[in-house]
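*Asks:* Coordinates in coords_37.txt, compact mmCIF, C-alpha atoms and all ligand atoms, are listed below.
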# COMPACT_ATOMS: atom_id res chain seq x y z
CA MET G 1 -111.16 99.48 -64.88
CA ALA G 2 -108.42 100.71 -62.57
CA LEU G 3 -108.31 100.37 -58.80
CA ILE G 4 -107.20 103.64 -57.24
CA VAL G 5 -106.42 104.47 -53.63
CA GLN G 6 -107.01 108.13 -52.75
CA LYS G 7 -105.86 109.40 -49.35
CA PHE G 8 -107.07 112.80 -48.10
CA GLY G 9 -105.33 114.58 -45.22
CA GLY G 10 -106.91 116.43 -42.30
CA SER G 11 -107.06 119.84 -43.97
CA SER G 12 -108.85 118.29 -46.97
CA VAL G 13 -111.70 117.06 -44.73
CA ALA G 14 -111.60 119.88 -42.15
CA ASP G 15 -115.32 120.75 -42.43
CA ILE G 16 -118.52 119.62 -44.12
CA GLU G 17 -117.93 121.69 -47.23
CA ARG G 18 -114.51 120.13 -47.69
CA ILE G 19 -115.92 116.66 -47.11
CA GLN G 20 -118.42 117.41 -49.88
CA ASN G 21 -115.54 118.58 -52.06
CA VAL G 22 -113.76 115.25 -51.43
CA ALA G 23 -116.99 113.38 -52.17
CA ARG G 24 -117.27 115.15 -55.55
CA ARG G 25 -113.67 114.28 -56.42
CA VAL G 26 -114.17 110.64 -55.47
CA ALA G 27 -117.43 110.58 -57.43
CA ARG G 28 -115.60 111.88 -60.49
CA THR G 29 -113.07 109.05 -60.25
CA VAL G 30 -115.90 106.52 -59.89
CA ALA G 31 -117.84 108.04 -62.79
CA ALA G 32 -114.73 107.65 -64.95
CA GLY G 33 -115.12 103.90 -64.45
CA ASN G 34 -112.66 103.22 -61.62
CA GLN G 35 -112.91 101.34 -58.35
CA VAL G 36 -111.93 103.62 -55.49
CA VAL G 37 -110.66 102.99 -51.99
CA VAL G 38 -110.52 106.21 -49.98
CA VAL G 39 -108.35 106.64 -46.90
CA LEU G 40 -109.04 109.59 -44.62
CA SER G 41 -107.35 111.46 -41.81
CA ALA G 42 -109.33 112.99 -38.98
CA MET G 43 -111.02 116.33 -39.66
CA GLY G 44 -108.69 119.34 -39.37
CA ASP G 45 -106.97 119.48 -35.98
CA THR G 46 -109.12 116.75 -34.42
CA THR G 47 -106.15 114.57 -33.44
CA ASP G 48 -104.42 117.51 -31.71
CA ASP G 49 -107.68 118.41 -29.96
CA LEU G 50 -108.13 114.85 -28.68
CA ILE G 51 -104.56 114.81 -27.36
CA ALA G 52 -105.14 118.16 -25.65
CA LEU G 53 -108.28 116.80 -23.96
CA ALA G 54 -106.39 113.89 -22.43
CA ARG G 55 -103.54 116.17 -21.33
CA GLN G 56 -106.02 118.20 -19.32
CA LEU G 57 -106.30 115.10 -17.16
CA THR G 58 -102.63 114.16 -16.90
CA PRO G 59 -99.41 115.10 -18.70
CA TYR G 60 -98.64 111.40 -19.35
CA PRO G 61 -101.81 109.53 -20.33
CA SER G 62 -101.41 105.82 -20.98
CA GLU G 63 -100.47 104.96 -24.53
CA ARG G 64 -103.20 102.37 -24.86
CA GLU G 65 -105.96 104.79 -23.97
CA MET G 66 -104.42 107.45 -26.20
CA ASP G 67 -104.64 105.08 -29.18
CA MET G 68 -108.21 104.27 -28.23
CA LEU G 69 -108.96 108.01 -28.11
CA MET G 70 -107.02 109.21 -31.16
CA SER G 71 -108.42 106.50 -33.42
CA THR G 72 -111.91 107.96 -33.00
CA GLY G 73 -111.04 111.02 -35.09
CA GLU G 74 -110.75 109.03 -38.30
CA GLN G 75 -113.96 107.15 -37.54
CA GLN G 76 -115.88 110.45 -37.69
CA SER G 77 -114.47 111.57 -41.01
CA VAL G 78 -114.97 108.25 -42.84
CA ALA G 79 -118.59 107.94 -41.73
CA LEU G 80 -119.29 111.53 -42.84
CA LEU G 81 -117.76 110.94 -46.26
CA ALA G 82 -119.79 107.74 -46.69
CA ILE G 83 -122.94 109.71 -45.81
CA ALA G 84 -121.95 112.46 -48.26
CA LEU G 85 -121.42 109.97 -51.10
CA GLN G 86 -124.62 108.08 -50.30
CA SER G 87 -126.58 111.32 -50.34
CA MET G 88 -125.19 111.96 -53.84
CA GLY G 89 -126.53 108.56 -54.93
CA TYR G 90 -123.29 106.58 -54.76
CA LYS G 91 -122.87 103.27 -52.97
CA ALA G 92 -120.32 103.70 -50.20
CA VAL G 93 -119.26 102.04 -46.96
CA SER G 94 -116.91 103.24 -44.25
CA LEU G 95 -114.65 100.78 -42.43
CA THR G 96 -112.43 101.01 -39.36
CA GLY G 97 -108.87 99.70 -39.53
CA GLU G 98 -110.05 96.43 -38.02
CA GLN G 99 -112.95 96.03 -40.44
CA ALA G 100 -110.55 96.73 -43.31
CA GLY G 101 -108.27 93.92 -42.11
CA ILE G 102 -105.32 96.13 -41.20
CA ARG G 103 -103.14 94.16 -38.78
CA THR G 104 -100.37 95.91 -36.85
CA ASP G 105 -97.65 95.02 -34.38
CA ARG G 106 -98.27 95.67 -30.68
CA VAL G 107 -96.54 99.03 -30.33
CA TYR G 108 -98.91 101.76 -29.15
CA SER G 109 -98.85 105.22 -30.78
CA ARG G 110 -96.39 104.29 -33.55
CA ALA G 111 -97.33 100.79 -34.69
CA LYS G 112 -96.23 99.27 -37.97
CA ILE G 113 -98.66 97.59 -40.33
CA LEU G 114 -97.82 93.89 -40.57
CA SER G 115 -100.44 92.68 -43.04
CA ILE G 116 -103.74 93.48 -44.70
CA ASP G 117 -106.46 90.86 -44.98
CA SER G 118 -108.29 92.19 -48.01
CA VAL G 119 -111.27 89.79 -48.08
CA ARG G 120 -113.81 92.32 -46.76
CA LEU G 121 -112.37 95.16 -48.85
CA GLU G 122 -112.59 93.10 -52.01
CA ARG G 123 -116.13 92.00 -51.23
CA GLU G 124 -117.27 95.60 -50.74
CA LEU G 125 -115.52 96.72 -53.93
CA ALA G 126 -117.04 93.84 -55.88
CA SER G 127 -120.49 94.96 -54.78
CA GLY G 128 -119.85 98.31 -56.45
CA LYS G 129 -119.18 100.40 -53.35
CA VAL G 130 -116.66 103.10 -52.71
CA VAL G 131 -114.78 101.79 -49.68
CA ILE G 132 -113.70 104.44 -47.19
CA VAL G 133 -111.11 103.36 -44.64
CA THR G 134 -109.91 105.10 -41.49
CA GLY G 135 -106.26 106.07 -41.83
CA PHE G 136 -103.77 106.03 -38.95
CA GLN G 137 -104.99 102.80 -37.33
CA GLY G 138 -105.09 99.05 -37.26
CA VAL G 139 -105.47 96.28 -34.71
CA ASP G 140 -103.02 93.73 -33.34
CA SER G 141 -103.65 89.98 -33.09
CA LEU G 142 -105.56 90.54 -29.82
CA GLY G 143 -107.88 93.10 -31.36
CA GLU G 144 -106.22 96.04 -29.60
CA ILE G 145 -106.32 99.31 -31.53
CA HIS G 146 -102.98 100.85 -32.45
CA THR G 147 -102.23 104.12 -34.19
CA LEU G 148 -99.40 104.48 -36.70
CA GLY G 149 -97.64 107.65 -35.53
CA ARG G 150 -98.47 111.24 -36.49
CA GLY G 151 -99.18 111.57 -40.19
CA GLY G 152 -99.82 107.81 -40.28
CA SER G 153 -102.76 107.97 -42.68
CA ASP G 154 -100.23 108.35 -45.49
CA THR G 155 -98.88 104.94 -44.57
CA SER G 156 -102.40 103.49 -44.39
CA GLY G 157 -103.01 104.76 -47.93
CA VAL G 158 -99.81 103.33 -49.35
CA ALA G 159 -100.19 100.00 -47.50
CA LEU G 160 -103.77 99.59 -48.75
CA ALA G 161 -102.65 100.34 -52.32
CA ILE G 162 -100.02 97.62 -52.00
CA GLY G 163 -102.31 95.15 -50.21
CA LEU G 164 -105.02 95.56 -52.85
CA ASN G 165 -102.58 95.61 -55.75
CA ALA G 166 -103.98 98.99 -56.75
CA ASP G 167 -102.98 100.65 -60.00
CA PHE G 168 -101.87 103.75 -58.18
CA CYS G 169 -101.95 105.68 -54.93
CA GLU G 170 -102.80 109.36 -54.69
CA ILE G 171 -102.10 111.43 -51.58
CA TYR G 172 -104.27 114.55 -51.57
CA THR G 173 -103.17 117.38 -49.32
CA ASP G 174 -103.21 121.17 -48.98
CA VAL G 175 -100.19 121.82 -51.24
CA ASP G 176 -99.83 121.04 -54.95
CA GLY G 177 -97.10 118.46 -54.44
CA VAL G 178 -93.61 118.09 -53.03
CA TYR G 179 -91.67 121.35 -53.17
CA THR G 180 -87.96 122.16 -52.98
CA ALA G 181 -88.69 123.33 -49.42
CA ASP G 182 -91.78 123.78 -47.27
CA PRO G 183 -93.66 126.48 -49.21
CA ARG G 184 -94.82 127.93 -45.89
CA ILE G 185 -91.19 128.68 -45.02
CA VAL G 186 -89.83 129.44 -48.49
CA PRO G 187 -92.53 131.11 -50.62
CA GLN G 188 -90.26 130.90 -53.70
CA ALA G 189 -89.94 127.11 -53.40
CA HIS G 190 -91.03 125.31 -56.53
CA LYS G 191 -92.89 122.10 -57.12
CA LEU G 192 -90.92 119.05 -58.20
CA ALA G 193 -92.44 117.06 -61.07
CA GLU G 194 -90.89 113.95 -59.59
CA ILE G 195 -88.63 112.83 -56.77
CA SER G 196 -86.99 109.45 -56.07
CA PHE G 197 -88.06 107.31 -53.13
CA ASP G 198 -84.63 107.74 -51.56
CA GLU G 199 -84.67 111.53 -51.73
CA MET G 200 -88.27 111.69 -50.52
CA LEU G 201 -87.44 109.37 -47.65
CA GLU G 202 -84.63 111.69 -46.57
CA MET G 203 -86.77 114.82 -47.06
CA SER G 204 -89.64 113.47 -44.98
CA SER G 205 -87.40 111.94 -42.30
CA LEU G 206 -85.72 115.34 -42.03
CA GLY G 207 -88.96 117.18 -41.40
CA ALA G 208 -90.81 117.63 -44.71
CA GLY G 209 -94.16 116.65 -43.17
CA VAL G 210 -95.95 116.28 -46.48
CA LEU G 211 -95.49 112.48 -46.31
CA GLN G 212 -94.94 110.31 -43.24
CA PRO G 213 -91.44 108.78 -43.65
CA ARG G 214 -92.80 105.29 -43.04
CA SER G 215 -95.17 105.66 -46.01
CA VAL G 216 -92.23 106.35 -48.31
CA GLU G 217 -90.27 103.45 -46.85
CA VAL G 218 -93.18 101.09 -47.52
CA ALA G 219 -93.76 102.51 -51.03
CA LYS G 220 -90.07 102.04 -51.85
CA THR G 221 -89.99 98.47 -50.53
CA PHE G 222 -92.94 97.47 -52.71
CA ASN G 223 -92.18 99.90 -55.54
CA MET G 224 -95.59 101.58 -55.32
CA PRO G 225 -95.40 105.04 -56.94
CA ILE G 226 -97.17 107.83 -55.02
CA CYS G 227 -98.73 110.90 -56.57
CA VAL G 228 -98.85 113.83 -54.12
CA ARG G 229 -101.34 116.51 -55.17
CA SER G 230 -103.79 119.09 -53.93
CA SER G 231 -107.38 118.31 -53.03
CA PHE G 232 -108.27 121.94 -53.79
CA ASN G 233 -107.33 122.12 -57.48
CA ASP G 234 -106.57 119.92 -60.49
CA ASN G 235 -102.90 120.84 -60.85
CA GLU G 236 -100.53 118.03 -61.62
CA GLY G 237 -98.82 116.80 -58.49
CA THR G 238 -95.43 115.25 -57.77
CA MET G 239 -94.64 111.63 -58.60
CA VAL G 240 -92.60 109.88 -55.93
CA LYS G 241 -91.06 106.87 -57.60
CA GLU G 242 -88.03 104.71 -58.09
CA GLU G 243 -86.38 106.25 -61.13
CA VAL G 244 -86.33 109.92 -61.85
CA ASP G 245 -86.13 111.41 -65.31
CA MET G 246 -82.60 111.35 -66.76
CA LYS G 247 -82.98 115.03 -67.64
CA GLN G 248 -82.54 115.81 -63.95
CA LEU G 249 -79.20 114.02 -63.97
CA GLU G 250 -78.10 115.91 -67.07
CA ARG G 251 -78.84 119.16 -65.28
CA GLU G 252 -76.59 117.94 -62.47
CA VAL G 253 -79.02 118.76 -59.75
CA LEU G 254 -76.86 118.46 -56.66
CA VAL G 255 -79.48 119.41 -54.14
CA SER G 256 -83.18 118.66 -54.65
CA GLY G 257 -84.54 120.23 -51.52
CA VAL G 258 -84.05 121.82 -48.14
CA ALA G 259 -85.84 120.50 -45.06
CA TYR G 260 -86.59 122.02 -41.66
CA ASP G 261 -87.40 120.17 -38.47
CA GLY G 262 -88.26 122.23 -35.42
CA ASP G 263 -89.36 119.23 -33.35
CA VAL G 264 -85.93 118.27 -32.11
CA VAL G 265 -84.62 117.69 -28.60
CA LYS G 266 -80.88 117.83 -27.96
CA VAL G 267 -79.61 115.75 -25.05
CA THR G 268 -76.13 116.14 -23.57
CA VAL G 269 -74.72 113.73 -21.04
CA TYR G 270 -71.75 115.32 -19.30
CA GLY G 271 -68.66 113.70 -17.81
CA VAL G 272 -69.18 110.18 -19.07
CA PRO G 273 -66.26 107.88 -18.08
CA ASP G 274 -64.21 106.93 -21.15
CA ARG G 275 -64.48 103.14 -21.11
CA PRO G 276 -65.66 100.54 -23.62
CA GLY G 277 -69.36 99.70 -23.53
CA ILE G 278 -70.61 103.14 -22.51
CA ALA G 279 -72.29 103.95 -25.82
CA SER G 280 -73.87 100.53 -25.91
CA GLU G 281 -75.35 100.98 -22.42
CA LEU G 282 -76.60 104.51 -23.04
CA PHE G 283 -78.09 103.96 -26.48
CA GLY G 284 -79.25 100.46 -25.61
CA ALA G 285 -81.49 101.94 -22.92
CA LEU G 286 -82.94 104.41 -25.43
CA ALA G 287 -83.47 101.67 -28.02
CA ASP G 288 -85.26 99.52 -25.42
CA ALA G 289 -87.66 102.41 -24.90
CA LYS G 290 -88.12 102.59 -28.69
CA ILE G 291 -86.63 106.07 -28.92
CA ASN G 292 -85.05 106.91 -32.25
CA VAL G 293 -81.75 108.66 -31.79
CA ASP G 294 -80.52 110.79 -34.63
CA MET G 295 -77.21 112.67 -34.52
CA ILE G 296 -74.59 111.58 -32.00
CA ILE G 297 -71.46 113.50 -31.08
CA GLN G 298 -68.87 112.50 -28.50
CA SER G 299 -66.52 115.27 -27.58
CA GLY G 300 -63.14 114.59 -26.00
CA HIS G 301 -62.71 115.82 -22.47
CA LYS G 302 -60.05 115.80 -19.86
CA ASP G 303 -59.55 113.37 -16.97
CA GLY G 304 -60.76 110.36 -18.92
CA LYS G 305 -64.26 111.72 -19.35
CA ASN G 306 -66.33 112.69 -22.41
CA ASP G 307 -69.49 114.61 -23.11
CA ILE G 308 -71.96 112.80 -25.36
CA SER G 309 -74.66 114.77 -27.21
CA PHE G 310 -77.42 113.37 -29.34
CA THR G 311 -80.74 114.45 -30.80
CA CYS G 312 -84.12 112.80 -30.96
CA GLY G 313 -87.63 113.74 -31.97
CA LYS G 314 -89.90 115.83 -29.73
CA GLU G 315 -92.23 112.89 -29.18
CA ALA G 316 -89.51 111.39 -26.95
CA ASP G 317 -89.48 114.48 -24.76
CA GLY G 318 -91.84 113.26 -22.06
CA LYS G 319 -89.92 110.01 -21.56
CA LEU G 320 -86.31 111.12 -21.73
CA GLU G 321 -85.81 112.14 -18.11
CA GLU G 322 -87.29 108.93 -16.81
CA ILE G 323 -85.02 106.85 -19.04
CA LEU G 324 -81.85 108.88 -18.63
CA GLU G 325 -81.83 109.32 -14.86
CA PRO G 326 -81.04 105.68 -13.98
CA VAL G 327 -78.68 105.23 -16.96
CA VAL G 328 -76.65 108.31 -16.11
CA GLU G 329 -76.31 107.07 -12.55
CA GLN G 330 -75.32 103.61 -13.69
CA LEU G 331 -72.68 105.00 -16.06
CA ALA G 332 -71.33 107.23 -13.27
CA ALA G 333 -71.71 110.21 -15.59
CA GLU G 334 -71.97 113.67 -14.03
CA HIS G 335 -75.35 114.90 -15.23
CA PHE G 336 -77.46 115.47 -18.34
CA SER G 337 -79.37 118.31 -19.96
CA LEU G 338 -82.26 118.56 -22.43
CA ALA G 339 -82.69 121.45 -24.87
CA ASP G 340 -85.53 122.05 -27.28
CA ASP G 341 -84.44 125.47 -28.52
CA VAL G 342 -82.71 123.84 -31.48
CA ALA G 343 -83.79 122.96 -35.02
CA LYS G 344 -82.42 120.77 -37.76
CA VAL G 345 -81.82 122.19 -41.21
CA SER G 346 -80.88 119.77 -43.99
CA ILE G 347 -80.08 119.69 -47.68
CA VAL G 348 -81.05 116.58 -49.64
CA GLY G 349 -80.00 115.42 -53.08
CA ALA G 350 -78.92 112.22 -54.82
CA GLY G 351 -76.42 114.30 -56.83
CA MET G 352 -74.31 114.79 -53.71
CA ILE G 353 -72.88 111.28 -53.82
CA THR G 354 -70.49 112.10 -56.64
CA ASN G 355 -69.95 115.76 -55.85
CA PRO G 356 -67.62 116.63 -53.02
CA GLY G 357 -67.91 120.18 -51.81
CA VAL G 358 -71.68 120.28 -51.34
CA ALA G 359 -71.33 120.12 -47.55
CA ALA G 360 -68.63 122.79 -47.63
CA LYS G 361 -70.93 125.04 -49.65
CA MET G 362 -73.69 124.54 -47.06
CA PHE G 363 -71.36 125.42 -44.17
CA LYS G 364 -70.11 128.50 -46.03
CA CYS G 365 -73.66 129.68 -46.66
CA LEU G 366 -74.54 129.24 -42.99
CA TYR G 367 -71.36 131.04 -41.91
CA ASP G 368 -71.94 133.91 -44.37
CA ASN G 369 -75.42 134.34 -42.94
CA GLY G 370 -74.24 134.35 -39.36
CA PHE G 371 -75.40 130.91 -38.20
CA ASN G 372 -73.43 128.88 -35.70
CA ILE G 373 -73.53 125.12 -36.38
CA ASP G 374 -74.00 123.04 -33.28
CA MET G 375 -73.97 119.49 -34.71
CA ILE G 376 -73.51 118.00 -38.18
CA SER G 377 -74.45 114.69 -39.70
CA THR G 378 -74.09 113.48 -43.26
CA SER G 379 -75.14 110.56 -45.43
CA GLU G 380 -74.60 109.94 -49.12
CA ILE G 381 -77.56 112.08 -50.03
CA LYS G 382 -78.00 114.59 -47.20
CA VAL G 383 -76.23 116.98 -44.88
CA SER G 384 -77.97 118.06 -41.67
CA CYS G 385 -77.00 120.76 -39.22
CA ILE G 386 -78.40 121.51 -35.78
CA LEU G 387 -78.76 125.25 -35.26
CA GLN G 388 -80.31 127.47 -32.63
CA LYS G 389 -84.04 127.41 -33.35
CA GLU G 390 -84.34 131.16 -33.40
CA GLY G 391 -83.73 132.23 -36.99
CA ALA G 392 -83.31 128.67 -38.28
CA LYS G 393 -86.07 129.21 -40.85
CA ASP G 394 -83.97 132.06 -42.26
CA ALA G 395 -81.22 129.50 -42.73
CA VAL G 396 -83.62 127.38 -44.82
CA ARG G 397 -84.33 130.41 -47.03
CA ALA G 398 -80.62 131.23 -47.33
CA LEU G 399 -79.74 127.66 -48.33
CA HIS G 400 -82.61 127.46 -50.80
CA ASP G 401 -81.23 130.59 -52.41
CA SER G 402 -77.59 129.59 -52.26
CA PHE G 403 -78.19 126.25 -54.00
CA GLY G 404 -80.22 127.98 -56.71
CA LEU G 405 -83.39 125.99 -56.08
P1 LIG V 501 -102.26 116.48 -44.56
O1 LIG V 501 -103.18 117.00 -43.51
O2 LIG V 501 -102.86 116.54 -45.93
O3 LIG V 501 -101.69 115.13 -44.24
P2 LIG V 501 -99.76 117.72 -43.78
O4 LIG V 501 -99.90 118.96 -42.99
O5 LIG V 501 -99.43 116.48 -43.04
O6 LIG V 501 -101.08 117.53 -44.65
O7 LIG V 501 -98.68 117.91 -44.93
C1 LIG V 501 -98.77 118.98 -45.82
C2 LIG V 501 -97.84 120.11 -45.37
O8 LIG V 501 -96.49 119.66 -45.48
C3 LIG V 501 -97.88 121.34 -46.23
O9 LIG V 501 -98.92 122.19 -45.85
C4 LIG V 501 -96.50 121.95 -46.04
O10 LIG V 501 -96.51 123.04 -45.14
C5 LIG V 501 -95.68 120.83 -45.42
N1 LIG V 501 -94.40 120.60 -46.11
C6 LIG V 501 -93.20 120.51 -45.48
N2 LIG V 501 -92.23 120.34 -46.37
C7 LIG V 501 -92.81 120.30 -47.59
C8 LIG V 501 -92.30 120.15 -48.92
N3 LIG V 501 -91.01 119.99 -49.16
N4 LIG V 501 -93.19 120.16 -49.94
C9 LIG V 501 -94.51 120.31 -49.71
N5 LIG V 501 -95.04 120.48 -48.48
C10 LIG V 501 -94.21 120.47 -47.43
N1 LIG V 502 -104.89 112.16 -37.80
C1 LIG V 502 -103.55 111.67 -37.64
C2 LIG V 502 -102.60 112.82 -37.32
O1 LIG V 502 -103.04 113.95 -37.21
C3 LIG V 502 -103.07 110.90 -38.82
C4 LIG V 502 -102.93 111.68 -40.11
O2 LIG V 502 -103.51 112.75 -40.25
O3 LIG V 502 -102.25 111.22 -41.01
O4 LIG V 502 -101.43 112.60 -37.14
MG MG V 503 -100.01 114.47 -43.18
Just give me the structure as structure tokens.
Ligand code: ADP
Ligand code: ASP
Ligand code: MG

*Replies:*
Amino acid sequence: MALIVQKFGGSSVADIERIQNVARRVARTVAAGNQVVVVLSAMGDTTDDLIALARQLTPYPSEREMDMLMSTGEQQSVALLAIALQSMGYKAVSLTGEQAGIRTDRVYSRAKILSIDSVRLERELASGKVVIVTGFQGVDSLGEIHTLGRGGSDTSGVALAIGLNADFCEIYTDVDGVYTADPRIVPQAHKLAEISFDEMLEMSSLGAGVLQPRSVEVAKTFNMPICVRSSFNDNEGTMVKEEVDMKQLEREVLVSGVAYDGDVVKVTVYGVPDRPGIASELFGALADAKINVDMIIQSGHKDGKNDISFTCGKEADGKLEEILEPVVEQLAAEHFSLADDVAKVSIVGAGMITNPGVAAKMFKCLYDNGFNIDMISTSEIKVSCILQKEGAKDAVRALHDSFGL
């Protein structure tokens, strides 16, 4: 008897019919003789709707109350699935993050799971029940509810699979697996049979929303393979795992995928005095506010002053002004600007490490197609460019084509 964790995303439980569809799939896995732990997202756009409700009251609701509010979405879906399974004659119980023993740190809205106390989960499984756990949430040592960041149910699924020593972890979504690019942007994109943790981590960090980056990080750390597949059909999905088939290496796949991220804010601080310690002060303040900074460019300037540009995720948008105003004054910089009319387009592939010229080919493709590159960053397995948002999805299509994906 295998223990399987099955996570279903919001679109897979968007209405009662889809919840019944999930119930049938879970029932099939149980009937085949397995123990099943199900992790659910909130129904459809529930999380967005809850956020919109709070924003009708104030643009900056408190993070604690937002976690309290957002965590209710998953409580609805798990209870409904338990009712669906029970009405089909299966034993099932739904549990909140707290009841499932999911312990987090104390960061609101993007907490990390610290541990899972599996006593209750194991007891429920031993009594023959399907255990259905709310994704996206846990509690800290004081019992406060914390959510895990958007898309966080993926991480709940992976963490539960690890905590319970499950045989495998399936992530069910509205696409058949991981594609060479978002199939909504590039209709010709094709499904990958498998992808390494490292490549998937880059892809998802660079905007491929099919898996929350943190879920891949956790899966890689504990070497828990993930199968990404559709909840709407029985097609084989994509295996995300440590080693990929040697055949891929033989084919010299330089680039495995192209990613698009339209949720980027570009910050420029102008006229920053050129003295040691400036970067530490500026980025220290952002780190203290738990803002992840991505690309950083310092451009030389005259009169002993520089301009410093960097990018961060859209979720930082509401806080940036508040953080930057005092820092800019303290640094005696001239002023700063925020721009959200930019997007990040990236190519990802482990084959790049040993193949110089991949970045050059990307820049040539962008130039040939009339795109102006604003910022560039590279790592061993990715190259990212910041472009004007308008038309940036065309750049994804052009790159997908140019690298023969
Ligand atoms: P869920 O609600 O199941 O968690 P998400 O919307 O979070 O689903 O993730 C699935 C979506 O991820 C797909 O509908 C697709 O548009 C998007 N996506 C982005 N990049 C990729 C990619 N490379 N492969 C597959 N899907 C991708
Ligand atoms: N419901 C949460 C969100 O929309 C978590 C998830 O779906 O993974 O971000
Ligand atoms: Mg998701």

*Asks:* As a list in words, please: the residues near Ile145 (chain G) (cut-off 10 Å, all atoms listed in the file, same-chain neighbours under 5 positions excluded).

*Replies:*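 Returned residues: Arg64, Glu65, Met66, Asp67, Met68, Leu69, Met70, Ser71, Gly97, Glu98, Arg103, Thr104, Arg106, Val107, Tyr108, Ser109, Ala111, Gln137, Gly138, Val139 and Asp140 of chain G.
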
*Asks:* Write out as a list of chain:residue names which residues come within 8 Å of Val348 (chain G) when counting all atoms listed in the file, dropping same-chain ones fewer than 4 positions away.

*Replies:* G:Glu199, G:Glu202, G:Met203, G:Val255, G:Ser256, G:Gly257, G:Val258, G:Ala259, G:Ile381, G:Lys382, G:Val383

*Asks:* May I have the selected residues written with C-alpha atoms, as a PDB file, keeping the file's coordinate frame?

*Replies:*
ATOM      1  CA  GLU G 199     -84.670 111.530 -51.730  1.00  0.00           C
ATOM      2  CA  GLU G 202     -84.630 111.690 -46.570  1.00  0.00           C
ATOM      3  CA  MET G 203     -86.770 114.820 -47.060  1.00  0.00           C
ATOM      4  CA  VAL G 255     -79.480 119.410 -54.140  1.00  0.00           C
ATOM      5  CA  SER G 256     -83.180 118.660 -54.650  1.00  0.00           C
ATOM      6  CA  GLY G 257     -84.540 120.230 -51.520  1.00  0.00           C
ATOM      7  CA  VAL G 258     -84.050 121.820 -48.140  1.00  0.00           C
ATOM      8  CA  ALA G 259     -85.840 120.500 -45.060  1.00  0.00           C
ATOM      9  CA  ILE G 381     -77.560 112.080 -50.030  1.00  0.00           C
ATOM     10  CA  LYS G 382     -78.000 114.590 -47.200  1.00  0.00           C
ATOM     11  CA  VAL G 383     -76.230 116.980 -44.880  1.00  0.00           C
TER      12      VAL G 383
END

*Asks:* Give me, as a list in words, the set of residues whose atoms come within 6 Å of any atom of ligand LIG 501 (chain V), counting all atoms listed in the file.

*Replies:* Gly9, Gly10, Ser11, Gly151, Thr173, Asp174, Val175, Gly177, Val178, Tyr179, Thr180, Ala181, Asp182, Arg184, Ala208, Gly209 and Val210 of chain G

*Asks:* If I take CA of Ser87 (chain G) and CA of Leu50 (chain G), how far is one from the other in Å, to one decimal?

*Replies:*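 Going from CA of Ser87 (chain G) over to CA of Leu50 (chain G), I get 28.7 Å.
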
*Asks:* Distance limit 12 Å, reference ligand MG 503 (chain V), atoms considered: all atoms listed in the file. Which residues make the cut? Give them as a VMD selection string.

*Replies:* chain G and resid 7 to 12 40 to 45 47 135 to 136 148 to 157 171 to 175 204 207 to 215 228

*Asks:* Here's a test: counting all atoms listed in the file, identify every protein, DNA and RNA residue with an atom at most 12 Å from (-71.9, 125.2, -51.0) in the file's coordinate frame, and state them as a short mmCIF file (atom, residue, chain, number, x, y, z; two decimals) with C-alpha atoms, keeping the file's coordinate frame.

*Replies:*
data_model
loop_
_atom_site.label_atom_id
_atom_site.label_comp_id
_atom_site.auth_asym_id
_atom_site.auth_seq_id
_atom_site.Cartn_x
_atom_site.Cartn_y
_atom_site.Cartn_z
CA LEU G 254 -76.86 118.46 -56.66
CA VAL G 255 -79.48 119.41 -54.14
CA ILE G 347 -80.08 119.69 -47.68
CA MET G 352 -74.31 114.79 -53.71
CA ASN G 355 -69.95 115.76 -55.85
CA PRO G 356 -67.62 116.63 -53.02
CA GLY G 357 -67.91 120.18 -51.81
CA VAL G 358 -71.68 120.28 -51.34
CA ALA G 359 -71.33 120.12 -47.55
CA ALA G 360 -68.63 122.79 -47.63
CA LYS G 361 -70.93 125.04 -49.65
CA MET G 362 -73.69 124.54 -47.06
CA PHE G 363 -71.36 125.42 -44.17
CA LYS G 364 -70.11 128.50 -46.03
CA CYS G 365 -73.66 129.68 -46.66
CA LEU G 366 -74.54 129.24 -42.99
CA TYR G 367 -71.36 131.04 -41.91
CA ASP G 368 -71.94 133.91 -44.37
CA VAL G 383 -76.23 116.98 -44.88
CA ALA G 398 -80.62 131.23 -47.33
CA LEU G 399 -79.74 127.66 -48.33
CA HIS G 400 -82.61 127.46 -50.80
CA ASP G 401 -81.23 130.59 -52.41
CA SER G 402 -77.59 129.59 -52.26
CA PHE G 403 -78.19 126.25 -54.00
CA GLY G 404 -80.22 127.98 -56.71
#

*Asks:* Given 6 Å of margin on each side, can you work out the centre and size in Å (one decimal) of an axis-aligned box holding every listed atom of region 109-120 of chain G, as JSON?

*Replies:*
{"center_x": -105.0, "center_y": 97.5, "center_z": -39.4, "size_x": 29.6, "size_y": 27.4, "size_z": 29.3}

*Asks:* With only C-alpha atoms and all ligand atoms as the atoms that count, which of G:Gly237, G:Gly73, G:Pro187, G:Gly391 lies nearest to ligand LIG 502 (chain V)?

*Replies:* G:Gly73

*Asks:* How many Å separate CA of Gly349 (chain G) from CA of Val158 (chain G)?

*Replies:*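 Separation of CA of Gly349 (chain G) and CA of Val158 (chain G): 23.5 Å.
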
*Asks:* Grab the CA of Lys302 (chain G) to CA of Ser280 (chain G) distance for me, in Å with one decimal place.

*Replies:*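 Pair CA of Lys302 (chain G) / CA of Ser280 (chain G) returns 21.5 Å.
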
*Asks:* Write out as a list in words which residues come within 9 Å of Phe197 (chain G) when counting all atoms listed in the file, dropping same-chain ones fewer than 5 positions away.

*Replies:* Glu202, Val216, Glu217, Ala219, Lys220, Asn223, Pro225, Val240, Lys241, Glu242 and Glu243 of chain G
